Structures are given as structure tokens and as C-alpha cells.
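Novice: Structure provided below as C-alpha cells; questions to follow.
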Amino acid sequence: MKLNYASAELMAKVQNKNDKGQMEEAIRGIQSFGFIVLPGLILGFDSDPPTMFDDMLAGVTRSGLIGGDPTFLLALPGTPLYARMKRTKRLVEYDQTGRTVPIFKERVSKVESNMKFLQPSSFLVKGYMKFIKQLTSPKIQYERFRRHVSIMMESELFVPVHSIGYGSLPEYLKFQFSSLINFRMLCKRLFKLFRPANLATVIKAYCLVLRYRPKYRGLKNHFTFWLFSWSNLLIKYEDLREEDFKIHSIAHDYDLNSLWKDVECVEPSVRSGRYKDDVKAADQARSTREALRRLKERLGVSYSLSDFR
């Protein structure tokens with residue numbers, strides 16, 4: 001999920017454009033029926049501005065999203081992004097056991113990527129740590145859940161759930177008690193959630209569920225999912241340190257002209273026809289080319305790489 005339209009355009013996901021709040025409105029519309037939207041929160045696009053972390057936090061809160069694990073962009077083999085990173089010498093690989101192993105095959109850190117980002121790694125690491133701290137805070141978590149519930153309550157489209165469904169607390173607890181490993185994970189979750197500030201937020205959110213539950217069945221499942229998602233983030237990131245990152249950036253002497261030359265030199269392989277296998281890749285390439293051209297125009301006008309501090 002990219003709430004920044006320039007970044008969505010860069011990846012040719014023009015259906016995710018949000019320059020006028022379209023994607024946020026679409027997400028709220030889906031949730032108004034009672035669905036839970038599980039987004040991919042991706043950071044580190046070339047066109048991400050210095051406000052990237054604040055934009056993401058504000059977007060997920062306004063949209064009432066109660067799930068999602070934020071990650072940095074990863075270049076997967078076979079994608080236009082991977083090819084572009086390789087052409088412009090921005091692909092990172094680690095040498096392990098005598099052979100080169102791409103990061104996407106063997107993770108070595110909590111937070112990592114196989115790309116060299118335009119933004120300084122120090123900015124990305126510190127910004128991510130601050131972002132995660134805010135995202136997992138009781139204040140933001142409650143506001144996300146409150147907004148999520150209000151979207152459904154203010155809608156006439158809500159469809160009540162009469163079956164157990166995904167997110168049933170009794171079914172979840174039954175599974176957690178089925179093995180020692182699961183039980184230990186449950187204890188970790190409870191330990192995180194039962195801290196005074198977190199527990200107060202949990203009780204406050206549950207009171208919200210009790211308030212609307214008689215009229216809107218199924219809210220308890222949303223509450224359970226929210227607790228599950230929040231506790232996941234707490235377990236994974238609460239003790240996050242700079243040593244837990246493997247994030248790289250371009251060198252200070254990296255020639256940005258190589259990016260712009262790549263844009264001009266690499267032409268989409270398919271210009272027309274809707275029945276060729278690589279038409280999607282060609283469409284993506286065209287969209288990416290246009291986005292990079294606009295990025296070149298913005299750098300030095302709207303902001304510059306030196307603004308990432």
C-alpha cells in the first residue's frame with residue numbers, strides 16, 4: 001500500500017493513486033461493509049519525500065486500517081524493479097557459504113532490503129524506528145481501531161456476521177492451547193498487552209465493541225484481529241535497535257545521472273497489442289519512466305536528497 005501517489009505511479013500501480021485521497025476513500029468504502037483490509041505498508045520508493053513516515057502514519061490512521069506490517073521495498077527477480085536496480089548498480093547481495101545469496105532468499109535481519117535507496121540509510125533507520133514507536137503506541141492504536149469501528153457504524157452498508165468467522169476469540173484461544181509453542185506465544189502477547197497503558201487501551205476499545213455489539217454483530221472478531229495485529233508488532237519491533245537493520249543507500253559520490261540516463265535509454269519492449277505475454281511489463285516500464293522523469297523535475301525544486309536528515 002502506498003499512500004503517496006508518486007510512489008504508486010513509480011511502481012506502475014496507478015490503481016492505487018491517492019493524489020486526491022481516492023485510495024483512502026476506497027479503503028473506507030470496503031471496510032464500511034464489515035471487511036478487514038490487510039495492507040502492505042511499503043517504504044523506500046525513490047519518490048518517497050522527507051515526510052514519508054508521517055504520511056504513512058497519517059494515512060493508515062485516517063483510513064481506519066487495523067492491520068499491516070511496514071516493510072522497506074524489496075526488488076524481486078523477474079520484476080522491472082529488479083532489472084532497473086541491477087542496471088543502475090543499486091542491487092545488494094550478500095556472499096554467504098561461498099556463494100552469492102540474494103536477500104529475498106535468506107533474511108539476516110529484522111528489517112532489510114536488497115536495494116540501495118536514494119534516501120540516506122541513517123534517515124531511513126531512524127525514521128523507521130520513530131515510526132514503529134508511534135504506530136505501536138496505545139494512542140495511535142486506539143485511534144486506528146476507533147476510526148475503523150466508526151467507518152462501519154456510520155455506514156448503512158454494514159453486513160453483520162452470524163457465524164464464528166475468522167478472528168473468533170474462543171477459536172483462537174483453543175488453537176493457542178493446542179501446543180506449548182503456541183501457548184508461549186500467547187503468553188508473550190498477554191505480557192505486552194497487559195502493561196498498564198496498553199491494558200487501559202484494550203479495555204477502552206472493548207467498551208467500544210460492547211457499545212455497538214447488540215446492533216452490529218461481528219465486531220468482536222474485529223477486536224480480536226486488532227489485538228492480534230497490535231501484539232504482533234509489539235513482539236517483533238518493540239525492542240528494535242539500529243543493529244537490527246540491513247538497509248543500504250547509494251554512495252555520496254553516486255552519479256544520479258545514471259538514473260536519468262537509464263530512463264532515457266531503456267525503452268518499453270512492447271508498444272501495442274493486448275495479447276502479448278510481456279505487455280504488462282511494458283506498461284509498467286512506461287509508467288515508471290514517466291514517474292522517474294517527474295522525480296527528476298521535483299528533486300531540487302520541491303525537495304532534495306539533502307533534506308533527508
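Just so we're on the same page: first chain in the C-alpha cells is A, next is B, and so on; residues restart at 1 for each chain, and ligands are numbered from 1 in the order they show up.
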Env of A:Leu219: 7 Å cut, atoms = only C-alpha atoms, seq-sep filter 4 positions within chain, self excluded. Answer as JSON, numbers by chain.
Specialist: {"A": [209, 213, 223]}
Novice: Would you please give, as a PyMOL selection string, all residues of stretch 11-221 of chain A that DSSP assigns to strand (DSSP E) based on the backbone?
Specialist: chain A and resi 42-43+71-72+93-96+99-102+111-117
Novice: Which of these, A:Gly67, A:Gly34, A:Gly40, A:Pro120, has the shortest distance to A:Gly218 once you count only C-alpha atoms?
Specialist: A:Gly34
Novice: With the cut-off set at 9 Å and counting only C-alpha atoms, tabulate each residue of stretch 229-269 of chain A with an atom at most that distance from an atom of stretch 186-198 of chain A, showing the nearest atom pair and its distance in Å to one decimal, ordered by chain and increasing number, as a Markdown table.
Specialist:
| residue | atom | partner | partner_atom | distance |
| --- | --- | --- | --- | --- |
| A:Trp230 | CA | A:Leu193 | CA | 8.6 |
| A:Ser231 | CA | A:Arg189 | CA | 5.4 |
| A:Asn232 | CA | A:Arg189 | CA | 7.6 |
| A:Leu234 | CA | A:Lys192 | CA | 6.9 |
| A:Ile235 | CA | A:Arg189 | CA | 7.2 |
Novice: Between atom CA of A:Asn182 and atom CA of A:Ile66, what is the spacing in Å?
Specialist: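 Between atom CA of A:Ile66 and atom CA of A:Asn182 the gap works out to 22.7 Å.
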Novice: Skip A:Tyr212 itself and residues of its chain fewer than 5 positions away, then list as a list in words all residues within 12 Å of it, counting only C-alpha atoms.
Specialist: Arg146, Val149, Ser150, Met152, Met153, Glu154, Pro160, Ala205, Tyr206, Cys207, Arg217, Gly218, Leu219 and Lys220 of chain A
Novice: Find the residues around stretch 109-111 of chain A up to 7 Å (only C-alpha atoms counted), leave out those fewer than 3 positions away in its own chain, and share them as JSON, numbers by chain.
Specialist: {"A": [244, 245, 246]}
Novice: Write out as a PyMOL selection string each polymer residue whose atoms come within 7 Å of A:Leu91, counting only C-alpha atoms; drop sequence neighbours fewer than 4 positions from it.
Specialist: chain A and resi 85-86+114-116
Novice: May I ask which of the residues A:Phe308, A:Ile203, A:Trp260, A:Phe53 is the closest one to A:Lys133, counting only C-alpha atoms?
Specialist: A:Phe53
Novice: Could you pull out the residues in stretch 40-205 of chain A that DSSP calls helix (DSSP H, G or I) from the backbone, as a ChimeraX atom specification?
Specialist: /A:52-63,80-87,121-135,138-153,169-176,180-193,196-205
Novice: Can I get the selection written as a JSON list (two decimals), in the first residue's frame, with C-alpha atoms?
Specialist:
[["chain", "number", "residue", "atom", "x", "y", "z"],
["A", 52, "MET", "CA", 7.28, 9.61, 4.05],
["A", 53, "PHE", "CA", 6.92, 8.23, 7.58],
["A", 54, "ASP", "CA", 4.50, 10.93, 8.73],
["A", 55, "ASP", "CA", 2.45, 10.45, 5.57],
["A", 56, "MET", "CA", 2.20, 6.70, 6.15],
["A", 57, "LEU", "CA", 1.19, 7.08, 9.80],
["A", 58, "ALA", "CA", -1.46, 9.68, 8.99],
["A", 59, "GLY", "CA", -2.79, 7.60, 6.10],
["A", 60, "VAL", "CA", -3.29, 4.34, 8.00],
["A", 61, "THR", "CA", -4.92, 6.24, 10.86],
["A", 62, "ARG", "CA", -7.32, 8.20, 8.66],
["A", 63, "SER", "CA", -8.22, 5.05, 6.75],
["A", 80, "PRO", "CA", 11.01, -4.42, -13.71],
["A", 81, "LEU", "CA", 12.23, -3.02, -10.38],
["A", 82, "TYR", "CA", 14.86, -5.76, -10.03],
["A", 83, "ALA", "CA", 16.07, -5.19, -13.58],
["A", 84, "ARG", "CA", 16.27, -1.43, -13.03],
["A", 85, "MET", "CA", 18.19, -1.83, -9.76],
["A", 86, "LYS", "CA", 20.66, -4.16, -11.47],
["A", 87, "ARG", "CA", 21.17, -1.85, -14.46],
["A", 121, "SER", "CA", 20.23, 4.83, 5.37],
["A", 122, "SER", "CA", 20.58, 6.79, 8.62],
["A", 123, "PHE", "CA", 17.40, 8.71, 7.78],
["A", 124, "LEU", "CA", 15.54, 5.50, 6.91],
["A", 125, "VAL", "CA", 16.64, 3.64, 10.04],
["A", 126, "LYS", "CA", 15.94, 6.45, 12.49],
["A", 127, "GLY", "CA", 12.71, 7.36, 10.74],
["A", 128, "TYR", "CA", 11.51, 3.76, 10.79],
["A", 129, "MET", "CA", 12.29, 3.35, 14.49],
["A", 130, "LYS", "CA", 10.35, 6.50, 15.33],
["A", 131, "PHE", "CA", 7.52, 5.44, 13.03],
["A", 132, "ILE", "CA", 7.22, 2.00, 14.65],
["A", 133, "LYS", "CA", 7.22, 3.53, 18.11],
["A", 134, "GLN", "CA", 4.35, 5.80, 17.12],
["A", 135, "LEU", "CA", 2.48, 3.08, 15.22],
["A", 138, "PRO", "CA", -1.62, 2.96, 22.68],
["A", 139, "LYS", "CA", -2.78, 6.36, 21.43],
["A", 140, "ILE", "CA", -2.35, 5.58, 17.73],
["A", 141, "GLN", "CA", -3.61, 2.02, 18.07],
["A", 142, "TYR", "CA", -6.81, 3.12, 19.76],
["A", 143, "GLU", "CA", -7.38, 5.85, 17.20],
["A", 144, "ARG", "CA", -6.95, 3.33, 14.37],
["A", 145, "PHE", "CA", -9.44, 0.95, 15.97],
["A", 146, "ARG", "CA", -11.89, 3.74, 16.85],
["A", 147, "ARG", "CA", -11.76, 5.03, 13.30],
["A", 148, "HIS", "CA", -12.19, 1.50, 11.94],
["A", 149, "VAL", "CA", -15.31, 0.97, 14.03],
["A", 150, "SER", "CA", -16.77, 4.39, 13.25],
["A", 151, "ILE", "CA", -16.43, 3.76, 9.49],
["A", 152, "MET", "CA", -18.67, 0.71, 9.85],
["A", 153, "MET", "CA", -21.07, 2.32, 12.30],
["A", 169, "LEU", "CA", -11.54, -15.36, 20.26],
["A", 170, "PRO", "CA", -12.67, -18.81, 21.53],
["A", 171, "GLU", "CA", -11.29, -20.49, 18.40],
["A", 172, "TYR", "CA", -8.05, -18.54, 18.68],
["A", 173, "LEU", "CA", -7.57, -19.48, 22.34],
["A", 174, "LYS", "CA", -8.35, -23.10, 21.54],
["A", 175, "PHE", "CA", -5.56, -23.09, 18.97],
["A", 176, "GLN", "CA", -3.12, -21.36, 21.34],
["A", 180, "LEU", "CA", 3.43, -25.50, 24.10],
["A", 181, "ILE", "CA", 4.91, -23.28, 21.37],
["A", 182, "ASN", "CA", 1.57, -21.61, 20.72],
["A", 183, "PHE", "CA", 0.95, -21.18, 24.44],
["A", 184, "ARG", "CA", 4.30, -19.46, 24.89],
["A", 185, "MET", "CA", 3.46, -17.06, 22.07],
["A", 186, "LEU", "CA", 0.13, -16.31, 23.74],
["A", 187, "CYS", "CA", 1.95, -15.51, 26.97],
["A", 188, "LYS", "CA", 4.22, -13.10, 25.09],
["A", 189, "ARG", "CA", 1.20, -11.34, 23.63],
["A", 190, "LEU", "CA", -0.51, -11.04, 27.00],
["A", 191, "PHE", "CA", 2.68, -9.75, 28.62],
["A", 192, "LYS", "CA", 2.88, -6.96, 26.03],
["A", 193, "LEU", "CA", -0.81, -6.08, 26.11],
["A", 196, "PRO", "CA", -0.84, -0.50, 32.20],
["A", 197, "ALA", "CA", -1.10, 1.91, 29.24],
["A", 198, "ASN", "CA", -1.77, -0.89, 26.76],
["A", 199, "LEU", "CA", -4.30, -2.60, 29.01],
["A", 200, "ALA", "CA", -6.20, 0.65, 29.50],
["A", 201, "THR", "CA", -6.40, 0.99, 25.72],
["A", 202, "VAL", "CA", -7.60, -2.60, 25.32],
["A", 203, "ILE", "CA", -10.37, -2.04, 27.87],
["A", 204, "LYS", "CA", -11.35, 1.24, 26.22],
["A", 205, "ALA", "CA", -11.55, -0.44, 22.81]]
Novice: Using only C-alpha atoms, which of A:Phe158, A:His222, A:Gln119, A:Cys265 sits nearest A:His252?
Specialist: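 That would be A:Gln119, the residue with the smallest distance to A:His252.
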Novice: Excluding same-chain residues fewer than 2 positions from A:Ile42, what lies within 6 Å of it counting only C-alpha atoms, as a list in words?
Specialist: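 Listing them by chain and then by number gives Pro70, Thr71, Phe72 and Leu73 of chain A.
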Novice: Give me, please, the distance in Å between atom CA of A:Glu112 and atom CA of A:Ile250, quoted to one decimal.
Specialist: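 Atom-to-atom, atom CA of A:Glu112 to atom CA of A:Ile250, that is 15.0 Å.
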Novice: Atom CA of A:Leu233 to atom CA of A:Phe117: how many Å, to one decimal?
Specialist: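 It comes out at 24.2 Å.
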Novice: Calculated over only C-alpha atoms, which of the candidates A:Gly21, A:Pro214, A:Val263, A:Tyr254 has the smallest distance to A:Leu295?
Specialist: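 Among A:Gly21, A:Pro214, A:Val263, A:Tyr254, it is A:Val263 that comes nearest to A:Leu295.
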Novice: Considering only C-alpha atoms, can you say which of A:Asn221, A:Glu297, A:Arg286, A:Thr88 comes closest to A:Asp262?
Specialist: A:Thr88
